[in-house]
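Here the structure is laid out as structure tokens; the discussion comes afterwards.
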Amino acid sequence: MKLRARAIRFLGLLGALGLACWLAAGPGGAAPAQAQAGTPVRLEIVAVDTARFPETVVTVRAVDAAGRPVRGLTDFQLLENGQAVAAPDVAEVELSAPVSVLVLVDQGILSILRYRSYYEDSPTLKGVLQALGDGVLSETDTVCLAVGRADSGTGGRQQMLFPLECGPNSPFDYEQRVAELDIDLVQQFPAGDPRQDVQGVHTAPLFEAALDALGGQPNPVIVFLSGYVVATPDQEGQNPSQATADQVAQAAVAAGVRVFVLQAAGNTLAANPAELQEPMITLARETGGEYVELVYTDDYVNDARTALAAIRRPDFAYKLTYRSADGAPGERQVSVAPAGQPELTVAQAVSVAVAPPVVDETALAIGPALDGQRQIRVPITWADDFPPRAIRAVTLNGAPVEVFDFADGVLTFSIDEAISGDLRLVIEDELGQTAQTVAAIATPPPPTPTPAPPPATPEPVVAPVAPRSRFGGVWPWLALLGLAVVAAAAYLGMRRGALSRVGQGITAGARRIATIGTAREEKQALAYLLVLTGRENLIGQNVPLYNEITTIGRDPQLTDIQLYDVSELSSISGQHCTIQVDHGLFLLIDNNSSNGTFVNGEALTPDLPHQLQDGDEIVLGDKARHGAQLRFEVSQRARNRFYHTVTDNEWQGGERSGTATTPGPTRGLDRLDDLWSADEDQMEPPAADAGQAE
């Protein structure tokens with residue numbers, strides 16, 4: 001008999017495999033052509049986030065023909081109000097989509113007897129349901145708990161008990177409801193037999209009510225705790241339970257509901273799996289759920305926890321981040337499609353609130369006159385929940401302010417100390433939103449004239465009478481003064497010509513790139529800064545350094561080398577850093593800049609000198625936000641005059657300690673012209689090769 005049973009089971013397995021192959025191939029023998037897995041056939045916008053506007057984040061999902069998320073996309077076509085957004089930042093993210101779970105406990109008589117016979121420790125069965133709340137459900141999910149009953153408490157009619165209206169999950173409430181659930185009715189019948197009162201519960205009507213309760217919920221799931229699939233009385237066929245399972249599974253698939261089956265099996269299912277176990281497996285597998293056989297001798301709570309984890313399916317989407325250039329408030333249209341697939345374009349309208357900048361007039365500060373200038377500090381904020389923006393333009397008394405800096409919420413610029421009275425200030429941010437304010441500078445009182453002392457009565461002096469000369473009187477002094485004026489004019493003309501030659505080739509944007517002070521010829525430079533990354537018209541240029549102290553930044557009034565115009569958005573500060581020559585050593589000092597100074601990838605400590613070596617690469621600010629990358633190169637003249645006096649074995653400590661313990665040469669830089677030889681006059685500045693510019 002055992003041999004025959006095994007043979008019948010083997011033949012049934014072969015038949016099931018053949019049927020599965022035939023269904024996969026189709027009646028014609030070949031599977032119909034479908035979209036390749038992983039190829040997007042539909043795009044959907046999950047969300048458009050403008051909380052940090054003008055930064056906008058669009059989250060989209062791409063799915064294939066089977067509804068699975070498509071991963072690995074990198075290029076998207078993104079438009080805002082019909083205008084293409086250039087190269088948005090694309091990042092793939094994992095989503096945690098909320099689920100709607102209805103926990104359904106079968107309390108028909110057949111399941112109750114099994115609960116009592118094989119699960120005397122009722123909290124163990126509750127542990128299965130508590131594992132669902134502990135490891136799967138979150139506060140973003142929807143959940144409800146229901147039981148199917150037919151006894152005297154329901155008037156003998158099959159009913160769903162507990163409220164069916166699914167609401168937001170509360171972990172505490174869910175745990176309390178599971179703890180209070182009388183799974184095997186031991187509290188209702190503490191000493192008696194429930195068979196006298198409890199009737200059977202038919203599975204099909206029970207699921208019909210459960211599917212109605214989940215209608216319209218996102219990602220619906222039924223967790224079914226039962227002992228059997230109980231067929232309705234009018235169900236026909238060789239195996240009514242199997243036919244009922246097929247019917248219930250079809251209804252669940254049509255409603256988009258997955259079913260996770262927890263079968264309280266005891267140790268009896270192995271005797272008749274076709275009638276008892278296979279209908280339950282069908283119900284789970286055909287709906288995309290999982291099946292767990294709760295055998296009381298096994299660790300079935302852990303098995304159930306593993307199966308229930310599949311309730312939350314992984315989902316993936318793409319976040320497209322860009323910075324909007326449209327500052328108009330109100331509704332705007334955002335549309336997106338995978339690159340090369342415009343037919344998948346999806347669009348969504350989003351309403352944007354735009355707040356103007358706000359000037360904190362109480363904290364506006366006007367500094368004292370210093371070196372002919374006054375510094376103005378204006379705190380700028382935006383309304384609550386609006387992040388800071390860049391400042392596009394500043395106007396003072398109707399005239400544009402060419403040089404200003406905005407960092408840490410404070411706008412800073414300088415004015416001539418002669419300006420007094422009302423200062424009418426207009427500030428415009430990157431979205432074109434403006435703020436206005438008026439400040440006043442008191443007109444300084446005119447200086448009180450100092451009374452001249454009374455003239456002293458001169459004593460008579462008898463001077464010798466000299467012979468009258470033809471060159472006597474004021475004429476010799478006037479002649480000497482005229483010669484001095486002519487010489488000064490000639491010198492200034494030569495000076496102006498030299499400075500104009502230094503500025504040749506620099507177009508609008510960077511106002512100058514020459515050191516302040518005595519402008520010598522290139523052959524007299526001490527060192528060079530090769531521009532590797534920065535403003536396009538400066539890349540590849542060798543900037544000569546002539547003086548003992550050279551400042552670098554954006555403010556033409558504070559720096560010798562100006563890499564960007566003050567009106568451009570740049571991460572370089574007004575006076576970013578300084579290069580100083582001290583006893584033959586080239587020292588780089590970060591002037592407490594906003595975005596830092598880096599040498600060979602290492603950040604400098606503000607105000608602490610750092611010794612530069614020939615070939616060092618210097619980064620000012622953030623290269624991705626209009627910073628600059630420079631290569632430091634010592635001229636041949638500086639090597640000849642300095643480097644033979646400071647050698648490696650004269651250092652006490654590291655190669656880049658920043659301070660020499662042995663002093664270098666004491667000759668002044670203003671005497672270098674007298675020390676250069678005739679051969680050195682032929683030295684050329686280092687040239688930029690084709691691979692140096694990024």
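Each chain in the structure tokens gets a letter, A, B, ..., in the order shown, and its residues are numbered from 1; ligands are numbered from 1 in order too.
For segment 583-600 of chain A, the set of protein, DNA and RNA residues having any atom at most 6 Å away, when counting only C-alpha atoms and skipping those fewer than 3 positions along the same chain, is Ser573, His576, Cys577, Thr578, Ile579, Gln580, Ala603, Leu604, Pro606, Asp607, Leu608, Pro609, His610, Gln611, Leu612, Glu617, Ile618, Val619, Leu620, Gly621, Phe642, Gly664 and Pro665 of chain A.
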**OP:** Please provide as a ChimeraX atom specification all residues within 8 Å of Tyr228 of chain A, with the sequence filter that same-chain residues fewer than 5 positions apart are discarded (counting only C-alpha atoms).
**Re:** /A:110-111,263,276-277,280
Original post:
Which one of A:Gly615, A:Gly367, A:Gly627, A:Pro273 sits closest to Thr533 of chain A if you count only C-alpha atoms?
Top reply: A:Gly627
**OP:** Work out how far atom CA of His202 of chain A is from atom CA of Leu181 of chain A, in Å to one decimal.
**Re:** 20.8 Å
Subject >> For segment 57-65 of chain A: contacts at 10 Å, only C-alpha atoms, fewer than 6 positions along chain excluded, given as a count of residues only >> reply: 45
Original post:
Using only C-alpha atoms, which residue out of A:Glu275, A:Glu331, A:Glu430, A:Glu175 lies closest to Leu132 of chain A?
Top reply: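 Of all the options, A:Glu175 lies closest to Leu132 of chain A.
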Subject >> Within 6 Å of Leu530 of chain A using only C-alpha atoms, minus same-chain residues under 5 positions, as a PyMOL selection string >> reply: chain A and resi 541-542+630-631
I need the residues from that last selection saved to file as a PDB file, in the first residue's frame (with all heavy atoms), if you can.
ATOM      1  N   GLN A 541      46.622  79.780 -17.803  1.00  0.00           N
ATOM      2  CA  GLN A 541      47.482  80.955 -17.693  1.00  0.00           C
ATOM      3  C   GLN A 541      48.449  80.797 -16.531  1.00  0.00           C
ATOM      4  O   GLN A 541      48.113  80.253 -15.487  1.00  0.00           O
ATOM      5  CB  GLN A 541      46.642  82.215 -17.506  1.00  0.00           C
ATOM      6  CG  GLN A 541      45.848  82.609 -18.728  1.00  0.00           C
ATOM      7  CD  GLN A 541      45.386  84.054 -18.635  1.00  0.00           C
ATOM      8  OE1 GLN A 541      46.015  84.861 -17.965  1.00  0.00           O
ATOM      9  NE2 GLN A 541      44.305  84.368 -19.315  1.00  0.00           N
ATOM     10  N   ASN A 542      49.668  81.322 -16.713  1.00  0.00           N
ATOM     11  CA  ASN A 542      50.659  81.404 -15.658  1.00  0.00           C
ATOM     12  C   ASN A 542      50.612  82.803 -15.067  1.00  0.00           C
ATOM     13  O   ASN A 542      50.884  83.794 -15.757  1.00  0.00           O
ATOM     14  CB  ASN A 542      52.067  81.128 -16.198  1.00  0.00           C
ATOM     15  CG  ASN A 542      52.445  79.677 -16.051  1.00  0.00           C
ATOM     16  OD1 ASN A 542      52.201  79.090 -15.008  1.00  0.00           O
ATOM     17  ND2 ASN A 542      53.017  79.085 -17.080  1.00  0.00           N
ATOM     18  N   LEU A 630      45.066  75.659  -8.503  1.00  0.00           N
ATOM     19  CA  LEU A 630      46.279  76.318  -8.984  1.00  0.00           C
ATOM     20  C   LEU A 630      47.475  75.409  -8.725  1.00  0.00           C
ATOM     21  O   LEU A 630      47.490  74.648  -7.754  1.00  0.00           O
ATOM     22  CB  LEU A 630      46.490  77.655  -8.267  1.00  0.00           C
ATOM     23  CG  LEU A 630      45.271  78.601  -8.189  1.00  0.00           C
ATOM     24  CD1 LEU A 630      45.590  79.770  -7.281  1.00  0.00           C
ATOM     25  CD2 LEU A 630      44.879  79.084  -9.573  1.00  0.00           C
ATOM     26  N   ARG A 631      48.496  75.517  -9.601  1.00  0.00           N
ATOM     27  CA  ARG A 631      49.761  74.792  -9.365  1.00  0.00           C
ATOM     28  C   ARG A 631      50.851  75.813  -9.089  1.00  0.00           C
ATOM     29  O   ARG A 631      51.064  76.744  -9.871  1.00  0.00           O
ATOM     30  CB  ARG A 631      50.136  73.940 -10.568  1.00  0.00           C
ATOM     31  CG  ARG A 631      51.484  73.211 -10.380  1.00  0.00           C
ATOM     32  CD  ARG A 631      51.780  72.307 -11.537  1.00  0.00           C
ATOM     33  NE  ARG A 631      50.782  71.251 -11.598  1.00  0.00           N
ATOM     34  CZ  ARG A 631      50.579  70.500 -12.669  1.00  0.00           C
ATOM     35  NH1 ARG A 631      51.297  70.675 -13.759  1.00  0.00           N
ATOM     36  NH2 ARG A 631      49.651  69.564 -12.663  1.00  0.00           N
TER      37      ARG A 631
END
Subject >> DSSP-assigned strand (DSSP E or B) among segment 516-581 of chain A, expressed as a ChimeraX atom specification >> reply: /A:527-533,542-545,549-553,561-562,575-581
Dump as a compact mmCIF listing (two decimals), in the first residue's frame, selection limited to N, CA and C atoms:
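This went into out38.txt:
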# COMPACT_ATOMS: atom_id res chain seq x y z
N ALA A 527 57.77 83.61 -8.56
CA ALA A 527 57.09 82.33 -8.70
C ALA A 527 55.90 82.53 -9.63
N TYR A 528 55.19 81.41 -9.93
CA TYR A 528 54.04 81.45 -10.82
C TYR A 528 52.93 80.59 -10.23
N LEU A 529 51.69 80.96 -10.54
CA LEU A 529 50.51 80.14 -10.23
C LEU A 529 49.87 79.75 -11.55
N LEU A 530 49.94 78.47 -11.89
CA LEU A 530 49.32 77.97 -13.12
C LEU A 530 47.86 77.64 -12.82
N VAL A 531 46.91 78.27 -13.54
CA VAL A 531 45.48 78.07 -13.32
C VAL A 531 45.05 76.78 -14.00
N LEU A 532 44.71 75.76 -13.20
CA LEU A 532 44.26 74.47 -13.72
C LEU A 532 42.74 74.41 -13.83
N THR A 533 42.06 74.94 -12.83
CA THR A 533 40.59 74.95 -12.82
C THR A 533 40.14 76.30 -12.29
N ASN A 542 49.67 81.32 -16.71
CA ASN A 542 50.66 81.40 -15.66
C ASN A 542 50.61 82.80 -15.07
N VAL A 543 50.23 82.90 -13.80
CA VAL A 543 50.12 84.20 -13.14
C VAL A 543 51.42 84.44 -12.38
N PRO A 544 52.20 85.49 -12.73
CA PRO A 544 53.48 85.73 -12.03
C PRO A 544 53.27 86.37 -10.67
N LEU A 545 54.14 86.03 -9.73
CA LEU A 545 54.17 86.64 -8.40
C LEU A 545 55.45 87.47 -8.31
N ILE A 549 54.49 89.92 -0.58
CA ILE A 549 53.16 89.54 -0.08
C ILE A 549 52.18 89.67 -1.23
N THR A 550 51.46 88.59 -1.52
CA THR A 550 50.47 88.58 -2.61
C THR A 550 49.17 88.00 -2.05
N THR A 551 48.08 88.74 -2.17
CA THR A 551 46.77 88.25 -1.72
C THR A 551 45.94 87.79 -2.90
N ILE A 552 45.09 86.77 -2.66
CA ILE A 552 44.30 86.14 -3.72
C ILE A 552 42.85 86.07 -3.26
N GLY A 553 41.90 86.37 -4.16
CA GLY A 553 40.48 86.28 -3.82
C GLY A 553 39.61 86.87 -4.90
N ILE A 561 45.49 89.27 -6.72
CA ILE A 561 45.09 88.38 -7.81
C ILE A 561 43.60 88.11 -7.66
N GLN A 562 42.82 88.54 -8.64
CA GLN A 562 41.36 88.39 -8.61
C GLN A 562 40.97 87.30 -9.60
N GLN A 575 38.86 88.09 0.28
CA GLN A 575 40.31 87.95 0.45
C GLN A 575 40.54 86.55 0.98
N HIS A 576 40.77 85.60 0.09
CA HIS A 576 40.73 84.17 0.43
C HIS A 576 42.02 83.72 1.12
N CYS A 577 43.18 84.04 0.54
CA CYS A 577 44.44 83.56 1.10
C CYS A 577 45.56 84.51 0.72
N THR A 578 46.76 84.29 1.31
CA THR A 578 47.94 85.14 1.07
C THR A 578 49.15 84.25 0.86
N ILE A 579 50.00 84.63 -0.12
CA ILE A 579 51.31 83.98 -0.31
C ILE A 579 52.37 85.00 0.09
N GLN A 580 53.21 84.63 1.05
CA GLN A 580 54.22 85.53 1.60
C GLN A 580 55.60 84.89 1.45
N VAL A 581 56.59 85.71 1.06
CA VAL A 581 57.97 85.24 0.94
C VAL A 581 58.71 85.70 2.19
Original post:
What's the 9 Å shell around Val358 of chain A, counting only C-alpha atoms, without same-chain residues fewer than 6 positions away, as a PyMOL selection string?
Top reply: chain A and resi 379-383+434-436
Written selection (N, CA and C atoms) as an mmCIF file, in the first residue's frame:
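The resulting file, result-v6.cif, is shown below:
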data_model
loop_
_atom_site.group_PDB
_atom_site.id
_atom_site.type_symbol
_atom_site.label_atom_id
_atom_site.label_comp_id
_atom_site.auth_asym_id
_atom_site.auth_seq_id
_atom_site.Cartn_x
_atom_site.Cartn_y
_atom_site.Cartn_z
ATOM 1 N N PRO A 379 22.514 91.718 7.861
ATOM 2 C CA PRO A 379 21.983 90.342 8.012
ATOM 3 C C PRO A 379 20.765 90.148 7.098
ATOM 4 N N ILE A 380 20.754 89.056 6.366
ATOM 5 C CA ILE A 380 19.674 88.725 5.429
ATOM 6 C C ILE A 380 19.081 87.379 5.831
ATOM 7 N N THR A 381 17.750 87.298 5.914
ATOM 8 C CA THR A 381 17.060 86.034 6.171
ATOM 9 C C THR A 381 15.913 85.895 5.186
ATOM 10 N N TRP A 382 15.293 84.719 5.200
ATOM 11 C CA TRP A 382 14.077 84.483 4.448
ATOM 12 C C TRP A 382 12.995 84.021 5.433
ATOM 13 N N ALA A 383 11.779 83.939 4.972
ATOM 14 C CA ALA A 383 10.690 83.544 5.857
ATOM 15 C C ALA A 383 10.925 82.132 6.391
ATOM 16 N N THR A 434 13.268 90.709 -4.188
ATOM 17 C CA THR A 434 14.041 91.830 -3.665
ATOM 18 C C THR A 434 13.600 92.219 -2.264
ATOM 19 N N ALA A 435 14.512 92.902 -1.571
ATOM 20 C CA ALA A 435 14.243 93.512 -0.268
ATOM 21 C C ALA A 435 14.874 94.896 -0.279
ATOM 22 N N GLN A 436 14.231 95.859 0.401
ATOM 23 C CA GLN A 436 14.718 97.228 0.437
ATOM 24 C C GLN A 436 14.797 97.701 1.875
#
Extract, using only C-alpha atoms, all DNA, RNA and protein residues at most 10 Å from Arg313 of chain A, discarding same-chain residues fewer than 2 positions from it, and format them as an mmCIF file with C-alpha atoms, in the first residue's frame.
data_model
loop_
_atom_site.group_PDB
_atom_site.id
_atom_site.type_symbol
_atom_site.label_atom_id
_atom_site.label_comp_id
_atom_site.auth_asym_id
_atom_site.auth_seq_id
_atom_site.Cartn_x
_atom_site.Cartn_y
_atom_site.Cartn_z
ATOM 1 C CA LEU A 95 11.233 53.140 -1.049
ATOM 2 C CA SER A 96 9.262 51.749 1.863
ATOM 3 C CA ALA A 97 5.719 51.722 0.522
ATOM 4 C CA PRO A 98 2.963 51.447 3.160
ATOM 5 C CA VAL A 99 0.907 48.228 3.262
ATOM 6 C CA ASN A 219 -0.836 47.226 -1.158
ATOM 7 C CA ALA A 309 8.759 39.590 6.234
ATOM 8 C CA ALA A 310 7.860 39.193 2.538
ATOM 9 C CA ILE A 311 4.742 41.312 3.123
ATOM 10 C CA ASP A 315 10.614 49.052 -4.075
#
Can you tell me which residues surround Ala365 of chain A at a distance of at most 10 Å, considering only C-alpha atoms, apart from same-chain residues fewer than 6 positions away, and format the answer as an mmCIF file with all heavy atoms, in the first residue's frame?
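Okay, around.cif is ready:
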data_model
loop_
_atom_site.group_PDB
_atom_site.id
_atom_site.type_symbol
_atom_site.label_atom_id
_atom_site.label_comp_id
_atom_site.auth_asym_id
_atom_site.auth_seq_id
_atom_site.Cartn_x
_atom_site.Cartn_y
_atom_site.Cartn_z
ATOM 1 N N GLN A 375 32.810 99.798 6.181
ATOM 2 C CA GLN A 375 32.246 98.483 5.898
ATOM 3 C C GLN A 375 30.795 98.431 6.372
ATOM 4 O O GLN A 375 30.479 98.830 7.494
ATOM 5 C CB GLN A 375 33.039 97.369 6.577
ATOM 6 C CG GLN A 375 32.584 95.977 6.167
ATOM 7 C CD GLN A 375 33.335 94.871 6.892
ATOM 8 O OE1 GLN A 375 33.154 94.663 8.079
ATOM 9 N NE2 GLN A 375 34.196 94.174 6.159
ATOM 10 N N ILE A 376 29.900 97.932 5.474
ATOM 11 C CA ILE A 376 28.487 97.769 5.779
ATOM 12 C C ILE A 376 28.188 96.280 5.934
ATOM 13 O O ILE A 376 28.535 95.482 5.058
ATOM 14 C CB ILE A 376 27.602 98.370 4.672
ATOM 15 C CG1 ILE A 376 28.063 99.786 4.320
ATOM 16 C CG2 ILE A 376 26.143 98.355 5.092
ATOM 17 C CD1 ILE A 376 27.930 100.789 5.430
ATOM 18 N N ARG A 377 27.554 95.908 7.053
ATOM 19 C CA ARG A 377 27.166 94.512 7.307
ATOM 20 C C ARG A 377 25.651 94.453 7.459
ATOM 21 O O ARG A 377 25.082 95.122 8.333
ATOM 22 C CB ARG A 377 27.851 93.959 8.559
ATOM 23 C CG ARG A 377 29.361 93.817 8.417
ATOM 24 C CD ARG A 377 30.004 93.431 9.744
ATOM 25 N NE ARG A 377 29.451 92.213 10.288
ATOM 26 C CZ ARG A 377 29.834 90.987 9.944
ATOM 27 N NH1 ARG A 377 30.796 90.831 9.046
ATOM 28 N NH2 ARG A 377 29.276 89.923 10.498
ATOM 29 N N VAL A 378 25.006 93.637 6.584
ATOM 30 C CA VAL A 378 23.546 93.574 6.547
ATOM 31 C C VAL A 378 23.105 92.118 6.728
ATOM 32 O O VAL A 378 23.315 91.296 5.823
ATOM 33 C CB VAL A 378 22.999 94.124 5.214
ATOM 34 C CG1 VAL A 378 21.476 94.196 5.259
ATOM 35 C CG2 VAL A 378 23.591 95.484 4.908
ATOM 36 N N PRO A 379 22.514 91.718 7.861
ATOM 37 C CA PRO A 379 21.983 90.342 8.012
ATOM 38 C C PRO A 379 20.765 90.148 7.098
ATOM 39 O O PRO A 379 19.851 90.976 7.075
ATOM 40 C CB PRO A 379 21.605 90.268 9.489
ATOM 41 C CG PRO A 379 22.360 91.377 10.151
ATOM 42 C CD PRO A 379 22.452 92.467 9.134
ATOM 43 N N THR A 412 28.070 91.718 3.105
ATOM 44 C CA THR A 412 29.138 92.640 3.466
ATOM 45 C C THR A 412 29.630 93.366 2.223
ATOM 46 O O THR A 412 29.872 92.730 1.190
ATOM 47 C CB THR A 412 30.305 91.894 4.139
ATOM 48 O OG1 THR A 412 29.809 91.118 5.233
ATOM 49 C CG2 THR A 412 31.347 92.867 4.655
ATOM 50 N N ALA A 439 19.177 103.078 5.557
ATOM 51 C CA ALA A 439 20.005 103.365 6.725
ATOM 52 C C ALA A 439 20.564 104.771 6.564
ATOM 53 O O ALA A 439 20.516 105.351 5.475
ATOM 54 C CB ALA A 439 21.124 102.343 6.862
#
Original post:
For the atom pair atom CA of Asp141 of chain A and atom CA of Gly167 of chain A, what is the interatomic distance in Å to one decimal place?
Top reply: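 Atom-to-atom, atom CA of Asp141 of chain A to atom CA of Gly167 of chain A, that is 8.4 Å.
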